[in-house]
file coords35.csv (CSV, N, CA and C atoms)
chain,number,residue,atom,x,y,z
A,1,MET,N,68.5,103.1,-88.8
A,1,MET,CA,67.6,103.4,-89.9
A,1,MET,C,68.2,104.1,-91.0
A,2,PHE,N,69.0,105.1,-90.7
A,2,PHE,CA,69.6,105.9,-91.8
A,2,PHE,C,70.8,105.3,-92.4
A,3,ASN,N,71.3,104.2,-91.9
A,3,ASN,CA,72.5,103.6,-92.4
A,3,ASN,C,72.2,103.0,-93.8
A,4,SER,N,71.0,102.6,-94.0
A,4,SER,CA,70.8,102.0,-95.3
A,4,SER,C,70.3,102.9,-96.4
A,5,VAL,N,69.9,104.1,-96.0
A,5,VAL,CA,69.4,105.1,-97.0
A,5,VAL,C,70.6,105.8,-97.7
A,6,ASN,N,70.6,105.8,-99.0
A,6,ASN,CA,71.7,106.4,-99.8
A,6,ASN,C,73.1,106.2,-99.3
A,7,ASN,N,73.4,105.0,-98.9
A,7,ASN,CA,74.7,104.6,-98.4
A,7,ASN,C,75.5,104.0,-99.5
A,8,PRO,N,76.5,104.8,-100.0
A,8,PRO,CA,77.3,104.3,-101.1
A,8,PRO,C,78.3,103.2,-100.8
A,9,PHE,N,78.4,102.9,-99.5
A,9,PHE,CA,79.4,102.0,-99.0
A,9,PHE,C,78.8,100.6,-98.9
A,10,ASN,N,77.7,100.3,-99.5
A,10,ASN,CA,77.1,99.0,-99.5
A,10,ASN,C,76.9,98.3,-98.2
A,11,ASN,N,76.0,98.8,-97.4
A,11,ASN,CA,75.6,98.3,-96.2
A,11,ASN,C,76.7,98.3,-95.1
A,12,GLN,N,77.7,99.1,-95.2
A,12,GLN,CA,78.7,99.3,-94.1
A,12,GLN,C,78.1,100.4,-93.2
A,13,ARG,N,78.4,100.1,-91.9
A,13,ARG,CA,77.8,101.1,-90.9
A,13,ARG,C,78.6,102.4,-90.9
A,14,ILE,N,77.9,103.5,-90.9
A,14,ILE,CA,78.5,104.8,-90.9
A,14,ILE,C,78.6,105.2,-89.4
A,15,THR,N,79.9,105.6,-89.1
A,15,THR,CA,80.1,106.0,-87.7
A,15,THR,C,80.1,107.6,-87.6
A,16,SER,N,79.8,108.1,-86.5
A,16,SER,CA,79.8,109.5,-86.3
A,16,SER,C,81.2,110.1,-86.2
A,17,SER,N,81.4,111.2,-86.8
A,17,SER,CA,82.7,111.9,-86.8
A,17,SER,C,82.9,112.8,-85.6
A,18,THR,N,81.9,113.0,-84.8
A,18,THR,CA,82.0,113.9,-83.7
A,18,THR,C,83.0,113.4,-82.7
A,19,SER,N,83.2,112.2,-82.5
A,19,SER,CA,84.2,111.7,-81.5
A,19,SER,C,85.6,112.0,-82.0
A,20,SER,N,85.9,111.9,-83.3
A,20,SER,CA,87.2,112.2,-83.8
A,20,SER,C,87.5,113.7,-83.7
A,21,ASP,N,86.4,114.5,-84.0
A,21,ASP,CA,86.6,115.9,-83.9
A,21,ASP,C,86.9,116.4,-82.4
A,22,SER,N,86.3,115.8,-81.5
A,22,SER,CA,86.6,116.2,-80.1
A,22,SER,C,88.0,115.7,-79.7
A,23,ASN,N,88.4,114.6,-80.2
A,23,ASN,CA,89.8,114.1,-79.9
A,23,ASN,C,90.8,115.1,-80.5
A,24,LYS,N,90.6,115.5,-81.7
A,24,LYS,CA,91.5,116.5,-82.4
A,24,LYS,C,91.5,117.8,-81.6
A,25,HIS,N,90.4,118.2,-81.1
A,25,HIS,CA,90.3,119.5,-80.4
A,25,HIS,C,91.1,119.3,-79.1
A,26,HIS,N,90.9,118.2,-78.4
A,26,HIS,CA,91.6,117.9,-77.2
A,26,HIS,C,93.1,117.9,-77.4
A,27,GLU,N,93.5,117.2,-78.5
A,27,GLU,CA,95.0,117.2,-78.8
A,27,GLU,C,95.5,118.5,-79.1
A,28,GLN,N,94.8,119.4,-79.8
A,28,GLN,CA,95.2,120.7,-80.1
A,28,GLN,C,95.4,121.5,-78.8
A,29,GLN,N,94.5,121.4,-77.9
A,29,GLN,CA,94.6,122.1,-76.6
A,29,GLN,C,95.8,121.6,-75.8
A,30,GLN,N,96.1,120.3,-75.8
A,30,GLN,CA,97.2,119.8,-75.1
A,30,GLN,C,98.5,120.4,-75.8
A,31,GLN,N,98.6,120.4,-77.1
A,31,GLN,CA,99.7,120.9,-77.8
A,31,GLN,C,100.0,122.4,-77.5
A,32,GLN,N,98.9,123.2,-77.5
A,32,GLN,CA,99.0,124.6,-77.1
A,32,GLN,C,99.5,124.8,-75.7
A,33,GLN,N,99.0,123.9,-74.8
A,33,GLN,CA,99.4,124.0,-73.4
A,33,GLN,C,100.9,123.7,-73.3
A,34,LYS,N,101.4,122.7,-74.0
A,34,LYS,CA,102.8,122.3,-74.0
A,34,LYS,C,103.7,123.5,-74.5
A,35,GLU,N,103.2,124.1,-75.6
A,35,GLU,CA,104.0,125.2,-76.2
A,35,GLU,C,104.0,126.4,-75.2
A,36,LYS,N,102.9,126.6,-74.5
A,36,LYS,CA,102.9,127.7,-73.6
A,36,LYS,C,103.8,127.4,-72.4
A,37,ASN,N,103.8,126.2,-71.9
A,37,ASN,CA,104.7,125.8,-70.9
A,37,ASN,C,106.2,126.0,-71.3
A,38,LEU,N,106.5,125.6,-72.5
A,38,LEU,CA,107.9,125.8,-73.0
A,38,LEU,C,108.3,127.2,-73.0
A,39,LEU,N,107.4,128.1,-73.4
A,39,LEU,CA,107.7,129.5,-73.5
A,39,LEU,C,107.9,130.1,-72.1
A,40,GLU,N,107.1,129.6,-71.2
A,40,GLU,CA,107.2,130.2,-69.8
A,40,GLU,C,108.4,129.7,-69.0
A,41,GLU,N,109.0,128.6,-69.4
A,41,GLU,CA,110.1,128.1,-68.7
A,41,GLU,C,111.3,129.1,-68.7
A,42,GLU,N,111.9,129.2,-67.5
A,42,GLU,CA,113.1,130.2,-67.5
A,42,GLU,C,114.3,129.4,-67.9
A,43,GLU,N,115.1,130.1,-68.7
A,43,GLU,CA,116.4,129.5,-69.1
A,43,GLU,C,117.5,130.5,-68.7
A,44,GLN,N,118.7,129.9,-68.7
A,44,GLN,CA,119.9,130.8,-68.3
A,44,GLN,C,120.1,131.8,-69.5
A,45,ASP,N,120.5,133.0,-69.0
A,45,ASP,CA,120.8,134.0,-70.0
A,45,ASP,C,122.1,133.8,-70.7
A,46,GLU,N,123.0,133.1,-70.0
A,46,GLU,CA,124.4,132.9,-70.6
A,46,GLU,C,124.5,131.6,-71.3
A,47,VAL,N,125.1,131.6,-72.4
A,47,VAL,CA,125.3,130.3,-73.1
A,47,VAL,C,126.7,130.2,-73.4
A,48,LYS,N,127.3,129.1,-73.1
A,48,LYS,CA,128.7,128.9,-73.4
A,48,LYS,C,128.8,128.2,-74.8
A,49,ILE,N,129.4,128.8,-75.7
A,49,ILE,CA,129.5,128.3,-77.1
A,49,ILE,C,130.7,127.3,-77.1
A,50,GLY,N,130.4,126.1,-77.4
A,50,GLY,CA,131.5,125.1,-77.6
A,50,GLY,C,131.9,124.5,-76.2
A,51,GLY,N,131.4,125.1,-75.1
A,51,GLY,CA,131.7,124.5,-73.8
A,51,GLY,C,133.2,124.5,-73.5
A,52,MET,N,133.9,125.6,-73.8
A,52,MET,CA,135.3,125.7,-73.5
A,52,MET,C,135.5,125.9,-72.0
A,53,PRO,N,136.5,125.3,-71.5
A,53,PRO,CA,136.8,125.5,-70.0
A,53,PRO,C,137.3,126.9,-69.7
A,54,ILE,N,137.1,127.3,-68.5
A,54,ILE,CA,137.6,128.6,-68.1
A,54,ILE,C,139.1,128.5,-67.7
A,55,LEU,N,139.9,129.4,-68.2
A,55,LEU,CA,141.3,129.3,-68.0
A,55,LEU,C,141.7,129.6,-66.5
A,56,THR,N,142.8,128.9,-66.1
A,56,THR,CA,143.3,129.2,-64.8
A,56,THR,C,144.5,130.1,-64.9
A,57,GLU,N,145.1,130.6,-63.8
A,57,GLU,CA,146.2,131.5,-63.8
A,57,GLU,C,147.4,130.8,-64.6
A,58,ASP,N,147.6,129.5,-64.3
A,58,ASP,CA,148.7,128.8,-64.9
A,58,ASP,C,148.5,128.7,-66.4
A,59,ASP,N,147.3,128.5,-66.8
A,59,ASP,CA,147.0,128.5,-68.3
A,59,ASP,C,147.3,129.8,-68.9
A,60,VAL,N,146.9,130.9,-68.3
A,60,VAL,CA,147.1,132.2,-68.8
A,60,VAL,C,148.6,132.5,-68.9
A,61,ILE,N,149.3,132.2,-67.9
A,61,ILE,CA,150.8,132.5,-67.9
A,61,ILE,C,151.4,131.7,-69.1
A,62,PHE,N,151.1,130.5,-69.3
A,62,PHE,CA,151.6,129.7,-70.4
A,62,PHE,C,151.2,130.3,-71.7
A,63,LEU,N,149.9,130.6,-71.9
A,63,LEU,CA,149.4,131.2,-73.1
A,63,LEU,C,150.1,132.5,-73.5
A,64,VAL,N,150.3,133.3,-72.5
A,64,VAL,CA,150.9,134.7,-72.7
A,64,VAL,C,152.3,134.5,-73.2
A,65,ASN,N,153.1,133.6,-72.5
A,65,ASN,CA,154.5,133.3,-72.9
A,65,ASN,C,154.5,132.8,-74.3
A,66,ASP,N,153.6,131.9,-74.6
A,66,ASP,CA,153.6,131.3,-76.0
A,66,ASP,C,153.2,132.3,-77.0
A,67,TYR,N,152.2,133.2,-76.7
A,67,TYR,CA,151.7,134.2,-77.7
A,67,TYR,C,152.9,135.2,-77.9
A,68,ILE,N,153.5,135.7,-76.9
A,68,ILE,CA,154.6,136.7,-77.0
A,68,ILE,C,155.8,136.1,-77.8
A,69,THR,N,156.1,134.8,-77.5
A,69,THR,CA,157.2,134.1,-78.2
A,69,THR,C,156.9,134.0,-79.7
A,70,LYS,N,155.6,133.7,-80.1
A,70,LYS,CA,155.3,133.7,-81.5
A,70,LYS,C,155.3,135.0,-82.2
A,71,LEU,N,154.9,136.1,-81.4
A,71,LEU,CA,155.0,137.4,-82.0
A,71,LEU,C,156.4,137.8,-82.2
A,72,LYS,N,157.3,137.5,-81.2
A,72,LYS,CA,158.7,137.8,-81.4
A,72,LYS,C,159.3,137.1,-82.6
A,73,GLY,N,158.9,135.9,-82.8
A,73,GLY,CA,159.4,135.1,-84.0
A,73,GLY,C,158.9,135.8,-85.3
A,74,GLU,N,157.7,136.3,-85.3
A,74,GLU,CA,157.2,136.9,-86.5
A,74,GLU,C,157.9,138.2,-86.8
A,75,HIS,N,158.3,138.9,-85.7
A,75,HIS,CA,158.9,140.2,-85.9
A,75,HIS,C,160.4,140.2,-85.5
A,76,SER,N,161.1,139.1,-85.7
A,76,SER,CA,162.5,139.0,-85.3
A,76,SER,C,163.4,140.0,-86.0
A,77,ASP,N,163.0,140.5,-87.2
A,77,ASP,CA,163.8,141.4,-88.0
A,77,ASP,C,163.7,142.8,-87.4
A,78,ASN,N,162.7,143.2,-86.6
A,78,ASN,CA,162.5,144.5,-86.0
A,78,ASN,C,162.9,144.5,-84.5
A,79,GLU,N,164.0,145.0,-84.2
A,79,GLU,CA,164.5,145.0,-82.8
A,79,GLU,C,163.6,145.8,-81.8
A,80,LYS,N,163.0,146.9,-82.3
A,80,LYS,CA,162.2,147.7,-81.4
A,80,LYS,C,160.9,146.9,-81.0
A,81,ILE,N,160.3,146.2,-81.9
A,81,ILE,CA,159.1,145.5,-81.6
A,81,ILE,C,159.5,144.3,-80.6
A,82,VAL,N,160.6,143.7,-80.8
A,82,VAL,CA,161.0,142.6,-79.9
A,82,VAL,C,161.2,143.2,-78.5
A,83,GLN,N,161.8,144.4,-78.4
A,83,GLN,CA,162.1,145.0,-77.1
A,83,GLN,C,160.7,145.4,-76.4
A,84,LYS,N,159.8,145.9,-77.2
A,84,LYS,CA,158.5,146.2,-76.6
A,84,LYS,C,157.8,145.0,-76.1
A,85,LEU,N,157.9,143.9,-76.9
A,85,LEU,CA,157.2,142.6,-76.4
A,85,LEU,C,157.9,142.1,-75.2
A,86,ASP,N,159.2,142.2,-75.1
A,86,ASP,CA,159.9,141.7,-73.9
A,86,ASP,C,159.5,142.6,-72.7
A,87,LYS,N,159.4,143.9,-72.9
A,87,LYS,CA,158.9,144.8,-71.8
A,87,LYS,C,157.5,144.4,-71.4
A,88,TYR,N,156.6,144.2,-72.3
A,88,TYR,CA,155.2,143.8,-72.0
A,88,TYR,C,155.2,142.5,-71.2
A,89,LEU,N,156.0,141.5,-71.6
A,89,LEU,CA,156.1,140.3,-70.9
A,89,LEU,C,156.6,140.5,-69.4
A,90,ALA,N,157.6,141.3,-69.3
A,90,ALA,CA,158.2,141.6,-68.0
A,90,ALA,C,157.2,142.3,-67.0
A,91,LYS,N,156.4,143.1,-67.6
A,91,LYS,CA,155.4,143.9,-66.8
A,91,LYS,C,154.1,143.1,-66.6
A,92,PHE,N,153.9,142.0,-67.3
A,92,PHE,CA,152.6,141.3,-67.3
A,92,PHE,C,152.3,140.8,-65.9
A,93,ASP,N,151.1,141.2,-65.4
A,93,ASP,CA,150.6,140.8,-64.1
A,93,ASP,C,149.4,139.9,-64.3
A,94,VAL,N,149.5,138.6,-64.0
A,94,VAL,CA,148.5,137.6,-64.3
A,94,VAL,C,147.2,137.9,-63.5
A,95,LYS,N,147.4,138.3,-62.2
A,95,LYS,CA,146.2,138.5,-61.3
A,95,LYS,C,145.4,139.7,-61.8
A,96,LYS,N,146.1,140.8,-62.2
A,96,LYS,CA,145.4,141.9,-62.8
A,96,LYS,C,144.7,141.6,-64.1
A,97,PHE,N,145.4,140.8,-64.9
A,97,PHE,CA,144.8,140.4,-66.2
A,97,PHE,C,143.5,139.5,-66.0
A,98,MET,N,143.6,138.6,-65.0
A,98,MET,CA,142.5,137.7,-64.7
A,98,MET,C,141.3,138.5,-64.1
A,99,LYS,N,141.6,139.6,-63.3
A,99,LYS,CA,140.6,140.4,-62.7
A,99,LYS,C,139.9,141.2,-63.8
A,100,GLN,N,140.6,141.7,-64.7
A,100,GLN,CA,140.0,142.5,-65.8
A,100,GLN,C,139.2,141.7,-66.8
A,101,ASN,N,139.6,140.4,-66.9
A,101,ASN,CA,138.9,139.5,-67.8
A,101,ASN,C,138.5,138.2,-67.1
A,102,PRO,N,137.4,138.3,-66.3
A,102,PRO,CA,137.0,137.1,-65.6
A,102,PRO,C,136.3,136.1,-66.5
A,103,ASN,N,136.4,134.8,-66.0
A,103,ASN,CA,135.8,133.7,-66.7
A,103,ASN,C,136.2,133.6,-68.2
A,104,MET,N,137.4,133.8,-68.4
A,104,MET,CA,138.0,133.8,-69.8
A,104,MET,C,138.2,132.4,-70.3
A,105,THR,N,137.8,132.1,-71.5
A,105,THR,CA,138.1,130.9,-72.2
A,105,THR,C,139.3,131.2,-73.2
A,106,SER,N,139.8,130.1,-73.8
A,106,SER,CA,140.9,130.3,-74.7
A,106,SER,C,140.6,131.2,-75.9
A,107,PRO,N,139.4,131.1,-76.5
A,107,PRO,CA,139.1,132.1,-77.6
A,107,PRO,C,139.1,133.5,-77.1
A,108,ASP,N,138.5,133.7,-75.9
A,108,ASP,CA,138.5,135.1,-75.3
A,108,ASP,C,139.9,135.6,-75.1
A,109,PHE,N,140.8,134.7,-74.6
A,109,PHE,CA,142.2,135.1,-74.4
A,109,PHE,C,142.8,135.6,-75.6
A,110,TYR,N,142.7,134.9,-76.7
A,110,TYR,CA,143.3,135.3,-78.0
A,110,TYR,C,142.8,136.7,-78.5
A,111,MET,N,141.5,136.9,-78.3
A,111,MET,CA,140.9,138.2,-78.7
A,111,MET,C,141.5,139.3,-77.8
A,112,VAL,N,141.6,139.1,-76.5
A,112,VAL,CA,142.2,140.1,-75.6
A,112,VAL,C,143.6,140.4,-75.9
A,113,MET,N,144.4,139.3,-76.1
A,113,MET,CA,145.8,139.4,-76.4
A,113,MET,C,146.1,140.2,-77.7
A,114,PHE,N,145.3,139.9,-78.7
A,114,PHE,CA,145.4,140.6,-80.0
A,114,PHE,C,145.2,142.1,-79.7
A,115,ASN,N,144.2,142.4,-79.0
A,115,ASN,CA,143.9,143.8,-78.7
A,115,ASN,C,145.0,144.5,-77.9
A,116,GLU,N,145.6,143.8,-77.0
A,116,GLU,CA,146.6,144.4,-76.1
A,116,GLU,C,147.9,144.5,-76.9
A,117,THR,N,148.2,143.6,-77.7
A,117,THR,CA,149.6,143.6,-78.4
A,117,THR,C,149.5,144.3,-79.8
A,118,GLU,N,148.4,144.6,-80.3
A,118,GLU,CA,148.3,145.2,-81.6
A,118,GLU,C,149.1,146.5,-81.7
A,119,GLY,N,149.0,147.3,-80.7
A,119,GLY,CA,149.8,148.6,-80.7
A,119,GLY,C,151.2,148.4,-80.6
A,120,LEU,N,151.7,147.3,-80.0
A,120,LEU,CA,153.1,147.0,-79.8
A,120,LEU,C,153.8,146.6,-81.1
A,121,VAL,N,153.1,145.9,-82.0
A,121,VAL,CA,153.7,145.4,-83.2
A,121,VAL,C,153.6,146.3,-84.4
A,122,LYS,N,153.0,147.4,-84.2
A,122,LYS,CA,152.8,148.4,-85.4
A,122,LYS,C,154.0,149.3,-85.4

call {"tool": "encode", "arguments": {"input": "coords35.csv", "output": "C-alpha cells"}}
result
Amino acid sequence: MFNSVNNPFNNQRITSSTSSDSNKHHEQQQQQQKEKNLLEEEEQDEVKIGGMPILTEDDVIFLVNDYITKLKGEHSDNEKIVQKLDKYLAKFDVKKFMKQNPNMTSPDFYMVMFNETEGLVK
C-alpha cells in the first residue's frame, strides 16, 4: 500500500533496510571476535631476525681464525698488536666461548669478537 505513495522511483518496490543492518551488525561482531582471537593467541617471545643458522663449534673455530687473521693483516705494522692477537688465538677455548654465548648466529659472533678484541688492537 505504501509503495505507491510518494515513491520517487516510479513504481519500483521499496525493500526494507533492516535486513542489511542486521547483516552489517553480525559481520561487525564476527570481525571483533576474530580480532579478539588474534590478540589472545600466544606467540613465541623470541624472534629470529633473518633466520640465520646457529653456529657450530667448527664454524666458530673457522670464524675466529679468519677474524684474527684479518685483524693481524690490518695491524701488520704494529708487532705488539700482532703478538697480542697470536696470544689470544693460542688461548682461545671454543667450548668456553660457546658456553658463554649460546645459540650464537654469525652476526652475534662478529659483535662478540669485536668486543673481545677491541682492547687488543688499541

call {"tool": "closest_residue", "arguments": {"input": "coords35.csv", "among": "A:Gln31, A:Thr105, A:Asn115, A:Gln83", "to": "Thr56 (chain A)", "atoms": "all atoms listed in the file"}}
result
A:Thr105

call {"tool": "atom_distance", "arguments": {"input": "coords35.csv", "atom1": "atom N of Met52 (chain A)", "atom2": "CA of Leu71 (chain A)"}}
result
25.5 Å

call {"tool": "residues_around", "arguments": {"input": "coords35.csv", "residues": "Pro53 (chain A)", "least_positions_apart": "6", "cutoff": "7 Å", "atoms": "all atoms listed in the file", "output": "ChimeraX atom specification"}}
result
/A:103-106

call {"tool": "atom_distance", "arguments": {"input": "coords35.csv", "atom1": "atom N of Glu79 (chain A)", "atom2": "CA of Asp66 (chain A)"}}
result
19.1 Å

call {"tool": "atom_distance", "arguments": {"input": "coords35.csv", "atom1": "CA of Val82 (chain A)", "atom2": "atom N of Glu116 (chain A)"}}
result
15.7 Å

call {"tool": "residues_around", "arguments": {"input": "coords35.csv", "residues": "region 85-102 of chain A", "least_positions_apart": "2", "cutoff": "9 Å", "atoms": "only C-alpha atoms", "output": "ChimeraX atom specification"}}
result
/A:54,56-58,60-61,64-65,68-69,71-72,80-83,104,108-109,112,117,120-121
